[in-house]
Amino acid sequence: MPRHCPGLMLLFVTLGWLAGPACSAADRPEDHAPTTPTWTPPDAFLAAEGTGGETGWPTVRPECRPGAYWWWPGSAVTKEDLTWNLETYRRSGWGNMGVVVIYGVRGEEDRFIDLFSPKWFEMFNHAVAEARRLGMNIDLTPSSGWRMGGPHVPPQHGGQSFAVENGQIVARPNGAKVKRAGPGGAGLAINPYSEAAVAFHLDFIGKRFDEGTGSPPRAFYYDSFENPGNWCPELLDSFRRLRGYPLQEHADALAGRGDADRVRRVVCDYRETLSDVLIERVEQIVGWGKQRGSGLRMQAHGAPANLLDMYAAAAIPETEVFGASQFDVPGFRRDPKWIRPDRQSDLVNRFASSAAHVAGRKVVISESFTWLRNHYHTALSHVKAESDNLLVNGINCIYYHGICFAPKKTAWPGWLFYASTEANARNSIFRDVPALNAYLTRCQSVLQEGRPQNDVLLYWPVYDLWMGDGTRERRFTVHHPAWIEETPCGQAGRWMIDNGYTFDFVSDRQLLNVRYEDNALRTAGASHYRTIVVPAVKVMTVGTARRLLELAKAGATVLVWKGLPQDVPGWNSHADRKQRLGGLLGRLSFEPNGVAAVGKGKVLVGEDLAALLETAGVAREPLVDRGLKFIRRKSPTHVSYFIVNHSAKPVNAWVPVASRGRSAVLMDPMTARTGVAPTRVAGDAAVVDKPLEVYLQMQPGETRVLRVFSDKAVGGPAWPIAEPAGEPIEVKGTWQVQFTEGGPVLPRRVSMDDLRCWTESGDDNADRFAGAARYTITVDLPASDADGWVLDLGDVRESARVWIGGKAAGLVVAHPFRVDVTGLLKPGNNEIAVEVTNLSANRIRDLDRRGVDWKKFHDINFVDQMYRPFDASTWDPKPSGLLGPVTIQPYRIRE
């Protein structure tokens with residue numbers, strides 16, 4: 001940011017342009033000065049976007065770029081500021097913005113615009129038009145905050161919860177309201193299970209769109225299911241229609257009274273019915289959106305429904321990460337003081353990607369980085385690691401959570417959302433975020449190509465959960481993943497991930513649309529699989545069992561881990577259905593080795609999952625033996641791997657892959673570098689379709705894309721194998737440190753003989769500074785026969801731009817903080833400049849220590865990651881700057 005100008009400050013005060021209260025004794029002029037973020041763009045460090053080709057990156061579409069939640073506080077927007085926001089975020093690499101109207105900013109009430117008013121639609125239409133001009137997508141929550149509803153919702157369409165009283169089912173309003181609502185959006189939440197309530201709300205929104213000639217968004221957005229109710233006026237009729245008997249005659253069982261077996265069967269039927277009607281409502285919303293030219297982007301998690309079917313009903317399924325994952329990358333920081341205790345589960349994330357793969361949805365999103373750390377403790381290195389973990393689990397579009405709209409001119413830290421990574425233009429991490437977004441765009445462009453290449457359909461036995469304990473709905477949340485992690489299905493999935501097998505979850509309903517053709521299981525979405533795993537299932541419907549046997553009869557191999565199901569779910573005619581299930585499965589004639597022939601295929605039963613998969617001809621990926629994670633996509637000419645090293649050790653070896661081929665291409669999505677990979681095959685290299693080994697060199701934290709071509713020897717520049725050409729050279733001497741941009745004011749220049757935090761420089765302004773400082777030193781490099789050089793920056797807090805002799809060499813935002821400076825370093829004197837950008841934690845700490853009134857938001861205002869009132873005044877200064885040690889590693893290229 002530009003430094004404060006006292007003359008302009010006086011003018012701002014005179015004209016009344018200051019946001020917030022007048023300066024207190026603890027305030028300084030810069031605390032309330034409206035400024036425009038003006039970070040120096042890193043364009044010199046960014047590679048051109050992909051243009052396709054065998055060794056090139058795919059052509060980029062808007063959905064290949066990352067997205068962001070774009071909160072509109074109070075809808076206090078103007079056309080000029082909307083344009084500035086969109087242009088700013090598009091320049092920094094975003095391609096998708098999801099508009100969510102929330103509560104406003106104190107002191108800005110005269111600028112509020114009521115949601116869905118004619119004035120609001122004028123602003124929204126402008127945003128959509130500007131996004132199209134910039135090549136961006138706009139999504140919209142068809143309500144305010146989250147939970148659909150608003151002031152138009154009458155009590156009869158509000159949420160309901162049931163109780164059993166005196167043997168009768170009694171439904172009462174629960175009073176649930178729209179959460180974090182903005183102006184014109186506060187009111188009751190609709191009953192999400194009720195056909196009439198959903199129709200009422202959609203009709204209201206449709207009329208407002210028609211009155212305001214509203215532009216259709218790319219998709220309407222359905223946030224994670226946080227409605228507290230579990231009933232709707234139509235439920236008894238729906239129950240009789242779907243389950244075939246009247247629930248009210250079994251009210252005592254629904255209350256948990258009476259025979260235990262009857263209780264669990266009736267409760268299972270209630271849970272399944274609630275799931276069915278909720279998915280019907282999602283389909284109702286999908287149909288409404290299609291009529292208006294928009295899809296549905298939806299988070300199913302949290303719902304008491306079959307998540308796979310609910311995700312699959314949407315055009316764009318979306319998962320969520322809430323909190324911070326653990327990674328073994330050396331130097332990666334995960335301080336418990338700044339994170340939530342929530343348990344992260346990549347298996348939960350796979351429900352959204354599995355639904356997308358099975359149903360044929362091209363894009364699957366993650367709401368990412370919600371409470372990744374406490375405010376202003378999230379570094380780009382944290383964002384990258386979390387993103388990589390999502391990408392290897394099938395997510396192919398990262399959505400930041402997120403960005404608040406703010407006027408072009410407003411006081412730092414701007415307008416904020418209480419549970420955000422604060423990826424806005426005033427946060428210091430924004431300075432280098434274009435490099436991270438370019439990285440994500442390359443990764444996502446690869447992972448949106450072709451189709452998924454997973455080998456196993458892993459059946460999710462939701463009836464085992466519905467037949468479990470309790471008498472109320474069963475919710476499947478991201479916050480408490482025991483419902484999958486601590487079940488046989490989850491254990492099977494975790495084992496397959498750890499041992500190099502690829503899979504997607506599949507539901508009972510989805511299995512009905514699976515067919516076996518051309519030696520593969522094919523889903524409605526045109527994905528192909530080699531086998532189905534049924535994991536220690538206790539109960540199964542007759543229809544699912546019959547479908548599995550039909551697939552086996554057609555030629556499929558069905559693997560049953562730890563035994564066949566012995567029971568059926570639900571109450572109605574359960575004895576007859578159990579007998580029919582036993583009859584179906586009882587006809588299987590198993591050999592001593594656990595194999596039963598069924599038509600052209602077979603059913604295998606066993607305790608050893610590895611042996612079962614081997615018998616089914618499923619190959620494992622040896623990549624995992626090196627501590628690597630991966631995901632594959634299949635295109636007409638090649639298989640693409642996305643490979644991540646989240647281990648503590650570097651990889652520098654020949655690594656076999658399961659895909660067969662004649663050649664391969666390696667691609668580094670961080671630098672955009674590509675080359676023909678060093679490969680070797682077993683036997684005659686001229687023979688098509690041989691297993692490949694690829695020479696991989698990957699530091700902890702690095703990723704690669706590997707393309708394997710089955711029938712073509714791809715030409716082009718070779719990907720080099722680098723070997724050390726001597727010991728690292730430590731960069732020693734006096735570093736000159738000059739603060740280049742940021743705020744609130746630039747600290748004074750400083751010299752450092754030993755690298756240390758700039759907060760230890762003795763300058764109070766350095767203690768409260770957020771921004772960038774340039775470290776410059778001249779090194780005398782001896783003559784060498786090395787082929788190249790790598791500059792290792794050591795400990796960087798938190799991102800760095802590197803110049804050699806005034807020429808841009810590289811930009812690093814995550815581990816490893818290394819830059820290949822080959823061709824720039826020369827024998828003799830070389831000027832090395834490293835411009836490091838820190839977090840904004842120290843600046844926000846300074847505001848709270850001085851009692852500056854910046855937390856000025858309605859509703860929840862501003863809280864920390866544990867939902868306590870936010871207070872940074874007690875924080876220690878956050879380490880900032882280049883900490884080193886900085887070394888230069890010479891290398892040779894292996895012949």
# chains A, B, ... in the order shown; residues from 1 in each chain; ligands from 1

call {"tool": "residues_around", "arguments": {"residues": "stretch 776-783 of chain A", "least_positions_apart": "5", "cutoff": "12 Å", "atoms": "only C-alpha atoms", "output": "JSON, numbers by chain"}}
result
{"A": [728, 729, 730, 731, 732, 733, 734, 735, 736, 737, 738, 739, 749, 750, 751, 752, 753, 754, 755, 789, 801, 802, 803, 804, 805, 806, 824, 825, 826, 827, 828, 829, 830, 831, 832, 833, 834, 835, 836, 882, 886, 887, 888, 889, 890]}

call {"tool": "write_last_selection", "arguments": {"atoms": "N, CA and C atoms", "output": "short mmCIF file (atom, residue, chain, number, x, y, z; two decimals), in the first residue's frame"}}
result
data_model
loop_
_atom_site.label_atom_id
_atom_site.label_comp_id
_atom_site.auth_asym_id
_atom_site.auth_seq_id
_atom_site.Cartn_x
_atom_site.Cartn_y
_atom_site.Cartn_z
N PRO A 728 26.77 -27.28 -0.96
CA PRO A 728 26.10 -25.98 -1.05
C PRO A 728 27.01 -24.86 -0.58
N ILE A 729 26.86 -23.71 -1.20
CA ILE A 729 27.63 -22.52 -0.85
C ILE A 729 26.72 -21.61 -0.02
N GLU A 730 27.10 -21.36 1.23
CA GLU A 730 26.27 -20.49 2.06
C GLU A 730 26.52 -19.03 1.68
N VAL A 731 25.42 -18.30 1.52
CA VAL A 731 25.52 -16.88 1.19
C VAL A 731 25.77 -16.12 2.50
N LYS A 732 26.96 -15.52 2.60
CA LYS A 732 27.33 -14.80 3.80
C LYS A 732 27.67 -13.35 3.46
N GLY A 733 27.59 -12.51 4.44
CA GLY A 733 27.90 -11.11 4.25
C GLY A 733 26.82 -10.23 4.86
N THR A 734 26.79 -9.01 4.44
CA THR A 734 25.83 -8.05 4.97
C THR A 734 24.68 -7.86 3.99
N TRP A 735 23.49 -8.15 4.49
CA TRP A 735 22.27 -7.94 3.70
C TRP A 735 21.76 -6.53 3.96
N GLN A 736 21.43 -5.85 2.88
CA GLN A 736 20.77 -4.55 2.98
C GLN A 736 19.26 -4.78 2.86
N VAL A 737 18.51 -4.32 3.86
CA VAL A 737 17.07 -4.58 3.90
C VAL A 737 16.33 -3.25 3.77
N GLN A 738 15.54 -3.15 2.71
CA GLN A 738 14.73 -1.95 2.47
C GLN A 738 13.27 -2.35 2.32
N PHE A 739 12.42 -1.71 3.11
CA PHE A 739 10.98 -2.00 3.05
C PHE A 739 10.40 -1.26 1.84
N ARG A 749 15.37 1.58 6.75
CA ARG A 749 16.30 0.59 6.21
C ARG A 749 17.16 0.03 7.32
N VAL A 750 17.64 -1.19 7.10
CA VAL A 750 18.46 -1.84 8.11
C VAL A 750 19.47 -2.74 7.42
N SER A 751 20.63 -2.92 8.04
CA SER A 751 21.64 -3.87 7.57
C SER A 751 21.68 -5.06 8.51
N MET A 752 21.86 -6.26 7.94
CA MET A 752 21.90 -7.49 8.74
C MET A 752 23.11 -8.32 8.34
N ASP A 753 24.01 -8.57 9.31
CA ASP A 753 25.12 -9.50 9.06
C ASP A 753 24.65 -10.95 9.19
N ASP A 754 23.65 -11.14 10.04
CA ASP A 754 23.02 -12.46 10.21
C ASP A 754 21.53 -12.28 10.01
N LEU A 755 20.95 -13.13 9.16
CA LEU A 755 19.53 -13.02 8.88
C LEU A 755 18.71 -13.29 10.13
N TRP A 789 22.42 -23.92 -11.14
CA TRP A 789 22.45 -23.49 -9.75
C TRP A 789 21.02 -23.40 -9.20
N ARG A 801 10.03 -13.10 -3.78
CA ARG A 801 10.37 -12.86 -5.18
C ARG A 801 11.89 -12.73 -5.25
N VAL A 802 12.48 -13.34 -6.27
CA VAL A 802 13.94 -13.38 -6.37
C VAL A 802 14.39 -12.76 -7.69
N TRP A 803 15.41 -11.89 -7.58
CA TRP A 803 16.08 -11.33 -8.76
C TRP A 803 17.56 -11.66 -8.68
N ILE A 804 18.17 -11.96 -9.82
CA ILE A 804 19.62 -12.11 -9.93
C ILE A 804 20.11 -11.09 -10.94
N GLY A 805 20.96 -10.19 -10.48
CA GLY A 805 21.45 -9.16 -11.37
C GLY A 805 20.35 -8.30 -11.97
N GLY A 806 19.30 -8.10 -11.20
CA GLY A 806 18.20 -7.27 -11.66
C GLY A 806 17.19 -7.97 -12.53
N LEU A 824 21.39 -17.23 -14.83
CA LEU A 824 21.41 -15.89 -14.24
C LEU A 824 22.64 -15.68 -13.36
N LEU A 825 22.99 -16.70 -12.58
CA LEU A 825 24.20 -16.61 -11.78
C LEU A 825 25.41 -16.80 -12.68
N LYS A 826 26.44 -15.97 -12.52
CA LYS A 826 27.65 -16.02 -13.33
C LYS A 826 28.86 -16.07 -12.40
N PRO A 827 29.99 -16.60 -12.86
CA PRO A 827 31.22 -16.48 -12.06
C PRO A 827 31.53 -15.01 -11.81
N GLY A 828 31.98 -14.72 -10.59
CA GLY A 828 32.24 -13.34 -10.20
C GLY A 828 31.12 -12.79 -9.35
N ASN A 829 31.01 -11.47 -9.35
CA ASN A 829 30.04 -10.81 -8.49
C ASN A 829 28.62 -10.93 -9.06
N ASN A 830 27.69 -11.27 -8.16
CA ASN A 830 26.27 -11.38 -8.52
C ASN A 830 25.45 -10.71 -7.44
N GLU A 831 24.57 -9.82 -7.86
CA GLU A 831 23.65 -9.23 -6.90
C GLU A 831 22.40 -10.11 -6.79
N ILE A 832 22.15 -10.52 -5.56
CA ILE A 832 20.95 -11.30 -5.27
C ILE A 832 19.99 -10.41 -4.50
N ALA A 833 18.76 -10.32 -4.99
CA ALA A 833 17.72 -9.56 -4.29
C ALA A 833 16.55 -10.49 -4.01
N VAL A 834 16.12 -10.50 -2.77
CA VAL A 834 15.00 -11.34 -2.34
C VAL A 834 13.98 -10.44 -1.66
N GLU A 835 12.81 -10.35 -2.24
CA GLU A 835 11.75 -9.50 -1.68
C GLU A 835 10.74 -10.39 -0.98
N VAL A 836 10.69 -10.27 0.34
CA VAL A 836 9.87 -11.16 1.17
C VAL A 836 8.63 -10.41 1.65
N LEU A 882 13.14 -12.79 5.72
CA LEU A 882 14.03 -13.86 5.25
C LEU A 882 14.90 -14.32 6.42
N VAL A 886 20.53 -18.98 3.61
CA VAL A 886 20.46 -18.95 2.16
C VAL A 886 21.69 -19.64 1.59
N THR A 887 21.47 -20.59 0.72
CA THR A 887 22.58 -21.35 0.12
C THR A 887 22.40 -21.44 -1.39
N ILE A 888 23.53 -21.68 -2.07
CA ILE A 888 23.52 -21.90 -3.52
C ILE A 888 24.04 -23.30 -3.77
N GLN A 889 23.24 -24.12 -4.42
CA GLN A 889 23.61 -25.50 -4.71
C GLN A 889 23.94 -25.66 -6.19
N PRO A 890 25.22 -25.95 -6.53
CA PRO A 890 25.53 -26.23 -7.93
C PRO A 890 25.08 -27.65 -8.29
#

call {"tool": "residues_around", "arguments": {"residues": "A:Ile532", "least_positions_apart": "4", "cutoff": "7 Å", "atoms": "only C-alpha atoms", "output": "ChimeraX atom specification"}}
result
/A:456-458,557-559

call {"tool": "write_last_selection", "arguments": {"atoms": "N, CA, C and O atoms", "output": "PDB file, in the first residue's frame"}}
result
ATOM      1  N   VAL A 456     -11.947 -48.764  -8.686  1.00  0.00           N
ATOM      2  CA  VAL A 456     -12.859 -49.461  -7.779  1.00  0.00           C
ATOM      3  C   VAL A 456     -14.075 -48.586  -7.483  1.00  0.00           C
ATOM      4  O   VAL A 456     -13.947 -47.384  -7.210  1.00  0.00           O
ATOM      5  N   LEU A 457     -15.252 -49.174  -7.536  1.00  0.00           N
ATOM      6  CA  LEU A 457     -16.458 -48.587  -6.960  1.00  0.00           C
ATOM      7  C   LEU A 457     -16.603 -49.142  -5.549  1.00  0.00           C
ATOM      8  O   LEU A 457     -16.732 -50.356  -5.364  1.00  0.00           O
ATOM      9  N   LEU A 458     -16.531 -48.269  -4.552  1.00  0.00           N
ATOM     10  CA  LEU A 458     -16.654 -48.685  -3.153  1.00  0.00           C
ATOM     11  C   LEU A 458     -18.065 -48.366  -2.673  1.00  0.00           C
ATOM     12  O   LEU A 458     -18.449 -47.200  -2.541  1.00  0.00           O
ATOM     13  N   THR A 557     -16.712 -58.440 -11.766  1.00  0.00           N
ATOM     14  CA  THR A 557     -16.196 -59.069 -10.564  1.00  0.00           C
ATOM     15  C   THR A 557     -16.626 -58.234  -9.365  1.00  0.00           C
ATOM     16  O   THR A 557     -16.301 -57.042  -9.282  1.00  0.00           O
ATOM     17  N   VAL A 558     -17.371 -58.847  -8.454  1.00  0.00           N
ATOM     18  CA  VAL A 558     -17.855 -58.185  -7.250  1.00  0.00           C
ATOM     19  C   VAL A 558     -17.071 -58.733  -6.067  1.00  0.00           C
ATOM     20  O   VAL A 558     -17.033 -59.949  -5.844  1.00  0.00           O
ATOM     21  N   LEU A 559     -16.439 -57.838  -5.312  1.00  0.00           N
ATOM     22  CA  LEU A 559     -15.607 -58.231  -4.178  1.00  0.00           C
ATOM     23  C   LEU A 559     -16.349 -57.927  -2.879  1.00  0.00           C
ATOM     24  O   LEU A 559     -16.767 -56.786  -2.653  1.00  0.00           O
TER      25      LEU A 559
END

call {"tool": "residues_around", "arguments": {"residues": "A:Glu760", "least_positions_apart": "2", "cutoff": "12 Å", "atoms": "only C-alpha atoms", "output": "ChimeraX atom specification"}}
result
/A:750-752,754-758,762-768,877-881,883

call {"tool": "residues_around", "arguments": {"residues": "A:Arg431", "least_positions_apart": "5", "cutoff": "12 Å", "atoms": "only C-alpha atoms", "output": "PyMOL selection string"}}
result
chain A and resi 1+37-43+88-89+91-93+379-380+423-426+436-437+741-742+770-772+798-801+811+813+835-840

call {"tool": "write_last_selection", "arguments": {"atoms": "N, CA and C atoms", "output": "short mmCIF file (atom, residue, chain, number, x, y, z; two decimals), in the first residue's frame"}}
result
data_model
loop_
_atom_site.label_atom_id
_atom_site.label_comp_id
_atom_site.auth_asym_id
_atom_site.auth_seq_id
_atom_site.Cartn_x
_atom_site.Cartn_y
_atom_site.Cartn_z
N MET A 1 0.83 -1.19 0.00
CA MET A 1 0.00 0.00 0.00
C MET A 1 0.87 1.25 0.00
N PRO A 37 -5.59 -0.43 -2.34
CA PRO A 37 -4.46 -1.37 -2.36
C PRO A 37 -3.72 -1.27 -3.70
N THR A 38 -2.40 -1.15 -3.63
CA THR A 38 -1.62 -1.00 -4.86
C THR A 38 -0.37 -1.86 -4.81
N TRP A 39 -0.53 -3.14 -4.53
CA TRP A 39 0.62 -4.04 -4.53
C TRP A 39 1.24 -4.09 -5.93
N THR A 40 2.56 -4.15 -5.96
CA THR A 40 3.25 -4.33 -7.25
C THR A 40 2.94 -5.71 -7.79
N PRO A 41 2.36 -5.82 -8.97
CA PRO A 41 1.98 -7.15 -9.48
C PRO A 41 3.22 -7.97 -9.83
N PRO A 42 3.14 -9.28 -9.66
CA PRO A 42 4.29 -10.15 -9.93
C PRO A 42 4.33 -10.65 -11.36
N ASP A 43 3.86 -9.85 -12.31
CA ASP A 43 3.71 -10.32 -13.68
C ASP A 43 5.02 -10.86 -14.27
N THR A 88 -9.74 -6.38 -10.10
CA THR A 88 -8.64 -6.69 -9.18
C THR A 88 -8.48 -8.18 -9.00
N TYR A 89 -9.58 -8.90 -8.79
CA TYR A 89 -9.49 -10.33 -8.51
C TYR A 89 -9.25 -11.13 -9.78
N ARG A 91 -7.35 -10.02 -12.27
CA ARG A 91 -5.91 -9.83 -12.51
C ARG A 91 -5.08 -10.73 -11.61
N SER A 92 -5.61 -11.06 -10.45
CA SER A 92 -4.87 -11.87 -9.50
C SER A 92 -5.16 -13.36 -9.65
N GLY A 93 -5.92 -13.72 -10.69
CA GLY A 93 -6.02 -15.13 -11.04
C GLY A 93 -7.32 -15.83 -10.74
N ALA A 379 -0.79 -18.48 5.77
CA ALA A 379 0.19 -18.17 4.74
C ALA A 379 -0.18 -18.87 3.44
N LEU A 380 0.38 -18.41 2.33
CA LEU A 380 0.13 -19.07 1.05
C LEU A 380 0.63 -20.51 1.07
N ALA A 423 -8.79 -13.35 1.85
CA ALA A 423 -8.00 -13.32 0.61
C ALA A 423 -8.24 -12.03 -0.16
N ASN A 424 -8.49 -10.95 0.58
CA ASN A 424 -8.83 -9.68 -0.07
C ASN A 424 -7.57 -8.89 -0.40
N ALA A 425 -7.76 -7.84 -1.18
CA ALA A 425 -6.63 -7.09 -1.74
C ALA A 425 -5.86 -6.30 -0.69
N ARG A 426 -6.37 -6.16 0.52
CA ARG A 426 -5.65 -5.41 1.55
C ARG A 426 -4.78 -6.31 2.42
N LEU A 436 0.23 -18.24 -6.76
CA LEU A 436 -0.48 -19.43 -6.28
C LEU A 436 -1.69 -19.72 -7.15
N ASN A 437 -2.43 -18.69 -7.54
CA ASN A 437 -3.60 -18.91 -8.38
C ASN A 437 -3.21 -19.41 -9.77
N GLU A 741 6.99 -1.85 0.16
CA GLU A 741 5.57 -1.48 0.11
C GLU A 741 4.82 -2.22 1.19
N GLY A 742 3.77 -1.58 1.67
CA GLY A 742 2.98 -2.14 2.76
C GLY A 742 2.59 -1.03 3.72
N ALA A 770 3.07 -4.78 7.80
CA ALA A 770 2.62 -5.87 6.92
C ALA A 770 2.91 -5.46 5.49
N GLY A 771 3.72 -6.23 4.82
CA GLY A 771 4.09 -5.89 3.46
C GLY A 771 5.38 -6.56 3.05
N ALA A 772 6.17 -5.88 2.24
CA ALA A 772 7.34 -6.50 1.64
C ALA A 772 8.61 -5.73 1.96
N GLU A 798 6.75 -14.76 4.40
CA GLU A 798 6.10 -16.01 4.08
C GLU A 798 6.18 -16.34 2.58
N SER A 799 6.47 -15.38 1.72
CA SER A 799 6.65 -15.64 0.30
C SER A 799 7.76 -14.75 -0.21
N ALA A 800 8.34 -15.10 -1.37
CA ALA A 800 9.54 -14.37 -1.80
C ALA A 800 9.61 -14.27 -3.32
N ARG A 801 10.03 -13.10 -3.78
CA ARG A 801 10.37 -12.86 -5.18
C ARG A 801 11.89 -12.73 -5.25
N LEU A 811 9.49 -16.83 -8.11
CA LEU A 811 8.62 -16.42 -7.02
C LEU A 811 8.19 -17.69 -6.30
N VAL A 813 6.07 -19.42 -3.01
CA VAL A 813 5.02 -19.15 -2.02
C VAL A 813 4.85 -20.29 -1.03
N GLU A 835 12.81 -10.35 -2.24
CA GLU A 835 11.75 -9.50 -1.68
C GLU A 835 10.74 -10.39 -0.98
N VAL A 836 10.69 -10.27 0.34
CA VAL A 836 9.87 -11.16 1.17
C VAL A 836 8.63 -10.41 1.65
N THR A 837 7.49 -11.08 1.55
CA THR A 837 6.22 -10.53 2.04
C THR A 837 5.78 -11.33 3.26
N ASN A 838 5.43 -10.65 4.32
CA ASN A 838 5.02 -11.33 5.56
C ASN A 838 3.51 -11.39 5.68
N LEU A 839 3.03 -11.90 6.80
CA LEU A 839 1.60 -11.92 7.10
C LEU A 839 1.16 -10.56 7.63
N SER A 840 -0.15 -10.37 7.71
CA SER A 840 -0.70 -9.13 8.26
C SER A 840 -0.96 -9.20 9.76
#

call {"tool": "atom_distance", "arguments": {"atom1": "atom CA of A:Arg264", "atom2": "atom CA of A:Asn230"}}
result
17.2 Å

call {"tool": "closest_atom_pairs", "arguments": {"of": "stretch 160-201 of chain A", "to": "stretch 216-224 of chain A", "cutoff": "12 Å", "atoms": "only C-alpha atoms", "output": "Markdown table"}}
result
| residue | atom | partner | partner_atom | distance |
| --- | --- | --- | --- | --- |
| A:Val178 | CA | A:Asp223 | CA | 11.7 |
| A:Lys179 | CA | A:Asp223 | CA | 11.1 |
| A:Pro192 | CA | A:Tyr222 | CA | 10.9 |

call {"tool": "closest_atom_pairs", "arguments": {"of": "stretch 266-327 of chain A", "to": "stretch 643-647 of chain A", "cutoff": "12 Å", "atoms": "only C-alpha atoms", "output": "JSON lines"}}
result
{"residue": "A:Ser325", "atom": "CA", "partner": "A:His646", "partner_atom": "CA", "distance": 11.3}
{"residue": "A:Gln326", "atom": "CA", "partner": "A:His646", "partner_atom": "CA", "distance": 9.5}
{"residue": "A:Phe327", "atom": "CA", "partner": "A:His646", "partner_atom": "CA", "distance": 6.1}

call {"tool": "write_last_selection", "arguments": {"atoms": "C-alpha atoms", "output": "short mmCIF file (atom, residue, chain, number, x, y, z; two decimals), in the first residue's frame"}}
result
data_model
loop_
_atom_site.label_atom_id
_atom_site.label_comp_id
_atom_site.auth_asym_id
_atom_site.auth_seq_id
_atom_site.Cartn_x
_atom_site.Cartn_y
_atom_site.Cartn_z
CA SER A 325 -4.88 -30.72 7.96
CA GLN A 326 -1.57 -32.20 9.10
CA PHE A 327 1.39 -32.49 6.69
#

call {"tool": "residues_around", "arguments": {"residues": "A:Arg361", "least_positions_apart": "4", "cutoff": "12 Å", "atoms": "only C-alpha atoms", "output": "MDAnalysis selection string"}}
result
chainID A and resid 295:297 311:318 352:357 365 394:396 448:452 523:527

call {"tool": "select_by_dssp", "arguments": {"residues": "stretch 101-175 of chain A", "states": "helix (DSSP H, G or I)", "output": "list in words"}}
result
Glu109, Asp110, Arg111, Pro118, Lys119, Trp120, Phe121, Glu122, Met123, Phe124, Asn125, His126, Ala127, Val128, Ala129, Glu130, Ala131, Arg132, Arg133, Leu134, Pro155, Gln156 and His157 of chain A

call {"tool": "closest_residue", "arguments": {"among": "A:Ala305, A:Val348, A:Ala786, A:Leu604", "to": "A:Trp483", "atoms": "only C-alpha atoms"}}
result
A:Val348
